[in-house]
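**Student:** Enclosed is the structure file input-v6.cif (mmCIF, C-alpha atoms).
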```cif
data_protein
loop_
_atom_site.label_atom_id
_atom_site.label_comp_id
_atom_site.auth_asym_id
_atom_site.auth_seq_id
_atom_site.Cartn_x
_atom_site.Cartn_y
_atom_site.Cartn_z
CA MET A 1 0.00 0.00 0.00
CA SER A 2 1.41 3.39 -1.02
CA TYR A 3 1.50 6.30 1.38
CA PHE A 4 -0.83 8.06 -1.04
CA GLU A 5 -3.49 5.45 -0.21
CA HIS A 6 -2.89 6.12 3.50
CA PHE A 7 -3.31 9.86 2.85
CA LEU A 8 -6.62 9.16 1.09
CA SER A 9 -7.82 7.23 4.16
CA ALA A 10 -6.78 10.06 6.48
CA ASN A 11 -8.51 12.49 4.15
CA GLN A 12 -11.86 10.74 4.70
CA ALA A 13 -11.70 11.70 8.37
CA TYR A 14 -10.69 15.24 7.40
CA VAL A 15 -13.73 15.59 5.13
CA ALA A 16 -16.04 14.82 8.06
CA LEU A 17 -14.44 17.65 10.08
CA HIS A 18 -14.21 20.07 7.14
CA GLY A 19 -17.92 20.23 6.34
CA ASP A 20 -19.20 22.27 3.44
CA LEU A 21 -17.33 25.57 3.22
CA HIS A 22 -17.34 28.29 0.60
CA LEU A 23 -14.28 30.37 1.42
CA PRO A 24 -13.31 33.11 -1.06
CA ILE A 25 -10.52 32.39 -3.53
CA LYS A 26 -8.64 35.51 -2.34
CA PRO A 27 -6.61 34.95 0.86
CA LYS A 28 -8.04 36.80 3.85
CA THR A 29 -4.79 38.27 5.19
CA ARG A 30 -3.51 39.17 1.70
CA VAL A 31 -0.17 37.56 2.54
CA ALA A 32 1.97 35.17 0.49
CA ILE A 33 4.54 33.10 2.38
CA VAL A 34 7.61 31.77 0.53
CA THR A 35 9.20 28.91 2.41
CA CYS A 36 10.95 25.55 2.23
CA MET A 37 9.44 22.13 1.45
CA ASP A 38 10.97 20.77 4.68
CA SER A 39 8.80 18.18 6.42
CA ARG A 40 9.48 19.62 9.89
CA LEU A 41 7.64 22.85 9.13
CA HIS A 42 3.83 22.91 9.21
CA VAL A 43 3.31 26.47 8.06
CA GLY A 44 -0.32 26.82 9.14
CA HIS A 45 0.40 25.69 12.68
CA ALA A 46 3.66 27.61 13.09
CA LEU A 47 2.13 30.92 11.97
CA GLY A 48 -1.37 30.48 13.38
CA LEU A 49 -3.08 30.43 9.98
CA ALA A 50 -6.74 29.54 9.59
CA LEU A 51 -8.05 27.95 6.40
CA GLY A 52 -8.28 30.67 3.74
CA ASP A 53 -5.75 33.01 5.36
CA ALA A 54 -2.64 33.07 3.16
CA HIS A 55 -0.91 31.73 0.06
CA ILE A 56 1.87 29.30 0.86
CA LEU A 57 4.68 28.79 -1.70
CA ARG A 58 7.25 26.09 -1.01
CA ASN A 59 10.33 24.75 -2.80
CA ALA A 60 13.76 23.41 -1.83
CA GLY A 61 15.21 26.11 0.44
CA GLY A 62 12.31 28.55 0.12
CA ARG A 63 14.32 30.33 -2.56
CA VAL A 64 12.98 33.11 -4.81
CA THR A 65 13.11 31.54 -8.27
CA GLU A 66 11.45 32.35 -11.59
CA ASP A 67 8.66 29.97 -10.62
CA VAL A 68 8.16 31.77 -7.31
CA LEU A 69 7.98 35.10 -9.16
CA ARG A 70 5.43 33.57 -11.57
CA SER A 71 3.37 32.43 -8.59
CA LEU A 72 3.71 35.74 -6.70
CA VAL A 73 2.55 37.73 -9.73
CA ILE A 74 -0.58 35.56 -9.87
CA SER A 75 -0.96 35.84 -6.08
CA GLU A 76 -0.75 39.64 -6.15
CA GLN A 77 -2.32 40.64 -9.46
CA GLN A 78 -5.06 38.01 -9.66
CA LEU A 79 -5.70 37.26 -6.01
CA GLY A 80 -4.93 40.49 -4.18
CA THR A 81 -1.97 39.73 -1.86
CA ARG A 82 0.04 42.76 -0.64
CA GLU A 83 2.63 41.31 1.74
CA ILE A 84 5.35 38.66 1.23
CA VAL A 85 7.14 36.69 3.94
CA VAL A 86 10.38 34.89 3.03
CA LEU A 87 10.84 32.15 5.63
CA HIS A 88 13.94 29.93 5.58
CA HIS A 89 14.92 27.54 8.38
CA THR A 90 17.74 25.97 10.37
CA ASP A 91 19.27 22.60 9.37
CA CYS A 92 18.11 22.99 5.75
CA GLY A 93 18.78 20.33 3.12
CA ALA A 94 20.02 23.14 0.86
CA GLN A 95 22.96 23.54 3.27
CA THR A 96 24.18 19.95 2.81
CA PHE A 97 25.73 20.14 -0.66
CA THR A 98 27.38 22.36 -3.28
CA ASN A 99 26.36 22.64 -6.92
CA ALA A 100 29.68 21.11 -8.06
CA SER A 101 29.40 18.05 -5.81
CA PHE A 102 25.72 17.55 -6.60
CA HIS A 103 26.26 17.82 -10.37
CA GLN A 104 28.85 15.06 -10.11
CA GLU A 105 26.61 12.92 -7.88
CA LEU A 106 23.71 13.19 -10.35
CA GLU A 107 25.98 12.33 -13.28
CA THR A 108 26.90 9.12 -11.42
CA LYS A 109 23.48 8.25 -9.94
CA LEU A 110 21.16 9.28 -12.79
CA GLY A 111 23.54 9.54 -15.74
CA VAL A 112 22.25 13.06 -16.33
CA ASP A 113 24.36 16.15 -16.99
CA THR A 114 22.85 18.83 -14.72
CA SER A 115 25.78 21.26 -14.93
CA HIS A 116 23.45 23.96 -16.30
CA MET A 117 21.22 23.72 -13.20
CA ASP A 118 21.66 25.88 -10.11
CA PHE A 119 20.26 23.90 -7.18
CA LEU A 120 20.45 27.08 -5.03
CA PRO A 121 22.35 25.70 -2.05
CA PHE A 122 23.43 28.12 0.67
CA SER A 123 25.57 28.07 3.79
CA ASP A 124 24.33 31.07 5.81
CA VAL A 125 20.56 31.01 6.37
CA GLU A 126 20.32 34.68 7.39
CA ALA A 127 22.21 35.67 4.22
CA SER A 128 19.92 33.52 2.05
CA VAL A 129 16.81 35.22 3.48
CA ARG A 130 18.33 38.67 2.84
CA GLU A 131 19.37 37.66 -0.67
CA ASP A 132 15.85 36.50 -1.53
CA MET A 133 14.26 39.61 0.01
CA ALA A 134 16.60 41.71 -2.15
CA LEU A 135 15.59 39.74 -5.27
CA LEU A 136 11.94 40.52 -4.55
CA LYS A 137 12.62 44.21 -3.92
CA ALA A 138 14.60 44.47 -7.16
CA SER A 139 12.06 42.63 -9.34
CA PRO A 140 9.93 44.79 -11.65
CA LEU A 141 7.26 42.10 -11.23
CA ILE A 142 6.78 42.97 -7.54
CA PRO A 143 5.26 46.46 -7.01
CA ASP A 144 7.13 48.73 -4.57
CA ASP A 145 4.13 48.96 -2.23
CA VAL A 146 4.12 45.21 -1.57
CA ALA A 147 5.67 44.80 1.90
CA ILE A 148 8.49 42.25 2.18
CA TYR A 149 9.43 40.53 5.44
CA GLY A 150 11.94 37.83 6.31
CA GLY A 151 12.31 35.22 9.00
CA ILE A 152 14.09 32.04 10.08
CA TYR A 153 12.20 29.03 11.48
CA ASP A 154 14.06 26.86 13.99
CA VAL A 155 13.14 23.22 13.25
CA ASP A 156 14.08 22.13 16.78
CA THR A 157 12.09 24.70 18.75
CA GLY A 158 9.45 25.85 16.23
CA ARG A 159 10.44 29.47 16.85
CA ILE A 160 10.49 32.09 14.07
CA THR A 161 13.05 34.89 14.31
CA LYS A 162 12.63 38.03 12.23
CA VAL A 163 15.36 38.94 9.72
CA GLU A 164 15.76 42.63 8.87
CA ALA A 165 16.40 43.37 5.20
CA MET B 1 0.84 46.31 12.33
CA SER B 2 1.74 43.90 9.51
CA TYR B 3 0.32 40.40 9.37
CA PHE B 4 3.88 39.18 9.72
CA GLU B 5 3.94 40.69 13.24
CA HIS B 6 0.66 38.88 13.98
CA PHE B 7 2.22 35.64 12.74
CA LEU B 8 5.21 36.18 15.06
CA SER B 9 2.80 36.57 18.00
CA ALA B 10 0.93 33.40 17.05
CA ASN B 11 4.27 31.66 16.69
CA GLN B 12 5.11 32.32 20.35
CA ALA B 13 2.14 30.16 21.36
CA TYR B 14 3.22 27.51 18.85
CA VAL B 15 6.71 27.37 20.35
CA ALA B 16 5.24 26.51 23.74
CA LEU B 17 3.34 23.56 22.21
CA HIS B 18 6.22 22.48 19.96
CA GLY B 19 8.76 21.82 22.69
CA ASP B 20 12.28 20.74 21.89
CA LEU B 21 12.25 18.21 19.03
CA HIS B 22 15.02 16.67 17.00
CA LEU B 23 13.28 15.15 14.02
CA PRO B 24 15.46 13.77 11.23
CA ILE B 25 16.01 15.91 8.12
CA LYS B 26 14.73 13.04 5.91
CA PRO B 27 10.92 12.84 5.70
CA LYS B 28 9.51 9.76 7.47
CA THR B 29 7.08 8.65 4.74
CA ARG B 30 9.58 9.34 1.92
CA VAL B 31 6.86 11.23 0.03
CA ALA B 32 7.03 14.60 -1.74
CA ILE B 33 3.71 16.36 -2.40
CA VAL B 34 3.46 18.89 -5.25
CA THR B 35 0.46 21.15 -4.80
CA CYS B 36 -0.97 24.64 -5.13
CA MET B 37 -0.29 27.71 -2.95
CA ASP B 38 -4.07 28.11 -2.45
CA SER B 39 -5.02 29.38 1.02
CA ARG B 40 -7.96 26.98 1.32
CA LEU B 41 -5.72 23.92 1.41
CA HIS B 42 -3.89 23.03 4.62
CA VAL B 43 -1.89 20.10 3.33
CA GLY B 44 -0.91 18.60 6.69
CA HIS B 45 -4.51 18.50 7.91
CA ALA B 46 -6.06 17.32 4.67
CA LEU B 47 -3.64 14.38 4.30
CA GLY B 48 -3.17 13.53 7.98
CA LEU B 49 0.53 14.42 8.05
CA ALA B 50 2.48 14.59 11.29
CA LEU B 51 5.47 16.90 11.67
CA GLY B 52 8.40 15.34 9.81
CA ASP B 53 6.28 13.17 7.50
CA ALA B 54 6.61 14.57 3.96
CA HIS B 55 8.08 17.26 1.74
CA ILE B 56 5.49 19.78 0.58
CA LEU B 57 6.14 21.77 -2.62
CA ARG B 58 3.70 24.52 -3.53
CA ASN B 59 3.38 27.04 -6.36
CA ALA B 60 0.58 28.64 -8.37
CA GLY B 61 -1.45 25.69 -9.62
CA GLY B 62 0.76 22.95 -8.21
CA ARG B 63 2.40 22.74 -11.64
CA VAL B 64 5.56 20.73 -12.40
CA THR B 65 8.08 23.43 -13.35
CA GLU B 66 11.88 23.54 -13.60
CA ASP B 67 11.94 24.74 -10.00
CA VAL B 68 9.78 21.82 -8.88
CA LEU B 69 12.13 19.42 -10.67
CA ARG B 70 15.11 21.12 -8.97
CA SER B 71 13.36 20.65 -5.62
CA LEU B 72 12.32 17.04 -6.31
CA VAL B 73 15.88 16.07 -7.28
CA ILE B 74 17.08 17.42 -3.93
CA SER B 75 14.14 15.71 -2.18
CA GLU B 76 14.92 12.34 -3.74
CA GLN B 77 18.69 12.28 -4.12
CA GLN B 78 19.65 14.15 -0.96
CA LEU B 79 16.74 13.39 1.33
CA GLY B 80 15.51 9.97 0.25
CA THR B 81 11.92 10.45 -1.02
CA ARG B 82 10.55 7.70 -3.29
CA GLU B 83 6.94 8.72 -4.00
CA ILE B 84 5.47 11.89 -5.54
CA VAL B 85 1.87 13.09 -5.23
CA VAL B 86 0.64 15.75 -7.68
CA LEU B 87 -2.36 17.41 -6.04
CA HIS B 88 -4.35 20.10 -7.87
CA HIS B 89 -7.69 21.49 -6.69
CA THR B 90 -11.11 22.80 -7.70
CA ASP B 91 -11.75 26.54 -8.16
CA CYS B 92 -8.05 27.25 -8.81
CA GLY B 93 -6.74 30.75 -9.48
CA ALA B 94 -4.85 29.28 -12.45
CA GLN B 95 -8.25 28.67 -14.09
CA THR B 96 -9.23 32.36 -14.00
CA PHE B 97 -7.06 33.77 -16.81
CA THR B 98 -5.19 33.02 -20.04
CA ASN B 99 -1.56 33.87 -20.77
CA ALA B 100 -2.57 36.38 -23.46
CA SER B 101 -5.00 38.30 -21.23
CA PHE B 102 -2.61 38.24 -18.26
CA HIS B 103 0.36 39.47 -20.34
CA GLN B 104 -1.74 42.43 -21.43
CA GLU B 105 -2.97 43.11 -17.89
CA LEU B 106 0.62 43.12 -16.54
CA GLU B 107 1.77 45.45 -19.33
CA THR B 108 -0.94 47.88 -18.20
CA LYS B 109 -0.68 47.43 -14.40
CA LEU B 110 3.10 47.02 -13.98
CA GLY B 111 4.45 48.35 -17.27
CA VAL B 112 6.35 45.08 -17.68
CA ASP B 113 6.52 42.95 -20.82
CA THR B 114 5.93 39.37 -19.62
CA SER B 115 5.16 37.90 -23.02
CA HIS B 116 8.06 35.42 -22.58
CA MET B 117 6.52 34.05 -19.36
CA ASP B 118 4.17 31.07 -19.25
CA PHE B 119 1.96 31.51 -16.19
CA LEU B 120 0.74 27.90 -16.61
CA PRO B 121 -3.01 28.50 -16.51
CA PHE B 122 -5.31 25.54 -17.18
CA SER B 123 -9.00 24.94 -17.69
CA ASP B 124 -9.44 21.22 -16.91
CA VAL B 125 -8.05 20.26 -13.49
CA GLU B 126 -8.00 16.52 -14.19
CA ALA B 127 -6.07 17.16 -17.42
CA SER B 128 -3.56 19.41 -15.60
CA VAL B 129 -2.86 16.68 -13.03
CA ARG B 130 -2.32 14.09 -15.79
CA GLU B 131 -0.12 16.51 -17.73
CA ASP B 132 2.10 17.10 -14.71
CA MET B 133 2.27 13.38 -13.85
CA ALA B 134 3.37 12.76 -17.46
CA LEU B 135 6.08 15.46 -17.17
CA LEU B 136 7.46 13.70 -14.08
CA LYS B 137 7.37 10.27 -15.71
CA ALA B 138 9.18 11.63 -18.80
CA SER B 139 11.87 13.52 -16.88
CA PRO B 140 15.35 11.93 -16.79
CA LEU B 141 15.74 13.65 -13.40
CA ILE B 142 13.05 11.42 -11.83
CA PRO B 143 14.11 7.75 -11.58
CA ASP B 144 11.64 5.21 -12.98
CA ASP B 145 11.19 3.52 -9.61
CA VAL B 146 9.83 6.69 -7.98
CA ALA B 147 6.06 6.15 -7.73
CA ILE B 148 3.88 8.96 -9.08
CA TYR B 149 0.30 9.56 -7.93
CA GLY B 150 -2.26 12.24 -8.72
CA GLY B 151 -5.27 13.73 -7.00
CA ILE B 152 -7.75 16.61 -6.91
CA TYR B 153 -8.64 18.42 -3.69
CA ASP B 154 -12.13 19.91 -3.46
CA VAL B 155 -11.84 23.27 -1.68
CA ASP B 156 -15.51 23.21 -0.65
CA THR B 157 -15.60 19.74 0.91
CA GLY B 158 -11.93 19.03 1.69
CA ARG B 159 -12.18 15.73 -0.20
CA ILE B 160 -9.31 14.36 -2.30
CA THR B 161 -10.17 12.26 -5.35
CA LYS B 162 -7.54 10.07 -6.97
CA VAL B 163 -6.58 10.74 -10.61
CA GLU B 164 -5.28 7.78 -12.61
CA ALA B 165 -2.35 8.55 -14.90
#
```
Written as structure tokens, that's how I'd like the structure from this file.

**Tutor:**
Amino acid sequence: MSYFEHFLSANQAYVALHGDLHLPIKPKTRVAIVTCMDSRLHVGHALGLALGDAHILRNAGGRVTEDVLRSLVISEQQLGTREIVVLHHTDCGAQTFTNASFHQELETKLGVDTSHMDFLPFSDVEASVREDMALLKASPLIPDDVAIYGGIYDVDTGRITKVEA
Amino acid sequence: MSYFEHFLSANQAYVALHGDLHLPIKPKTRVAIVTCMDSRLHVGHALGLALGDAHILRNAGGRVTEDVLRSLVISEQQLGTREIVVLHHTDCGAQTFTNASFHQELETKLGVDTSHMDFLPFSDVEASVREDMALLKASPLIPDDVAIYGGIYDVDTGRITKVEA
């Protein structure tokens, strides 16, 4: 049995609790959160979000990529968000490798040349948050009146610490 | 007061409940979920995930993009995941526009030419799930023995329906 089948079973119980809702498509707080895919972060719990509150964007590292910009433009221009939170975290998988070593590993494991790909690893989590905040501020796709905040989530304690730009 | 400051307040209460944990960096179920940023989906609740269970990747639409492939390669090759779930949903923001209309809107609103950008809108949610499952199956970056599943989340009922490839 796949985990997906387990998730479908768990979802049956969730449906009973969920009931019939008709929440608006636009997020209530008008916030979009950009964060990591890490399994030790449950964004809704950690930030006190109710259903319908905020857009949540997640990738490896919580990095601001072209795809994140694509998503943020839709979030802001189609769905009304006005505030972005960049949230990286301690003990991130993106801190465990370099592009050079990973390219070589993938050549060996998958037989694929990925030397054109930037996997966006980083060593200093505060620097990576600042770098991604700066990318957002500099992007012509993000209007100047969209507020940009940064933070670091501690996977051991659950605590979020603010990062100043 | 920004919503981010509200989130930081809510996070203080979360920290008290969280306690000191040392969960492994590798997700327990070895699953990566690719889904939408939509505010009406709380992935952990809807799938019955505990902290540490699964990677969660989210963008506008839950589409398989270059950035999602980058993240999945890290998820699988660095952090051991072996199963991918593509989960799209009803009433998606990506169903509310076309590339042509959105390009024009952004030219007017932001003064930016985005005609080179594909915002990945779709009309049929079952077709978009199948399309993204096919992209994963075809990618040399995703090994053949990684299982790929698809589903649709109903934002009104909370129910997930399986999509066969």

**Student:** For Tyr149 (chain B), find every residue with an atom within 7 Å (counting all atoms listed in the file), except residues of its own chain fewer than 6 positions away, and show them as a ChimeraX atom specification.

**Tutor:** /B:84-86

**Student:** Listed atoms of region 94-102 of chain B, axis-aligned box, 6 Å per side: centre and edge lengths to one decimal in Å, as lines of an AutoDock Vina configuration file?

**Tutor:**
```
center_x = -5.4
center_y = 33.5
center_z = -18.0
size_x = 19.7
size_y = 21.6
size_z = 23.0
```

**Student:** Find, counting all atoms listed in the file, the residue in B:Ala60, B:Val34, B:Leu49, B:Ile142 that gets nearest to chain A.

**Tutor:**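 So, comparing all the options, the nearest one is B:Ala60.
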
**Student:** What does the PyMOL selection byres ((chain B) within 6 of (chain A)) select in this file, as a PyMOL selection string?

**Tutor:** chain B and resi 7+10-11+14-15+18-22+27+37-40+46-48+51-60+71+156-159

**Student:** What is the CA of Thr90 (chain A) to CA of Ala127 (chain A) distance in Å?

**Tutor:**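 Distance reported for this atom pair: 12.3 Å.
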
**Student:** Figure out the distance between CA of Val129 (chain B) and CA of Val163 (chain B), please, to one decimal in Å.

**Tutor:** 7.4 Å

**Student:** Could you tell me which of A:Ala165, A:His89, A:Met1, A:His103 comes closest to Leu135 (chain A) if we count all atoms listed in the file?

**Tutor:** A:Ala165

**Student:** What gap, in Å, lies between CA of Glu76 (chain A) and CA of Ser139 (chain A)?

**Tutor:**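 Pair CA of Glu76 (chain A) / CA of Ser139 (chain A) returns 13.5 Å.
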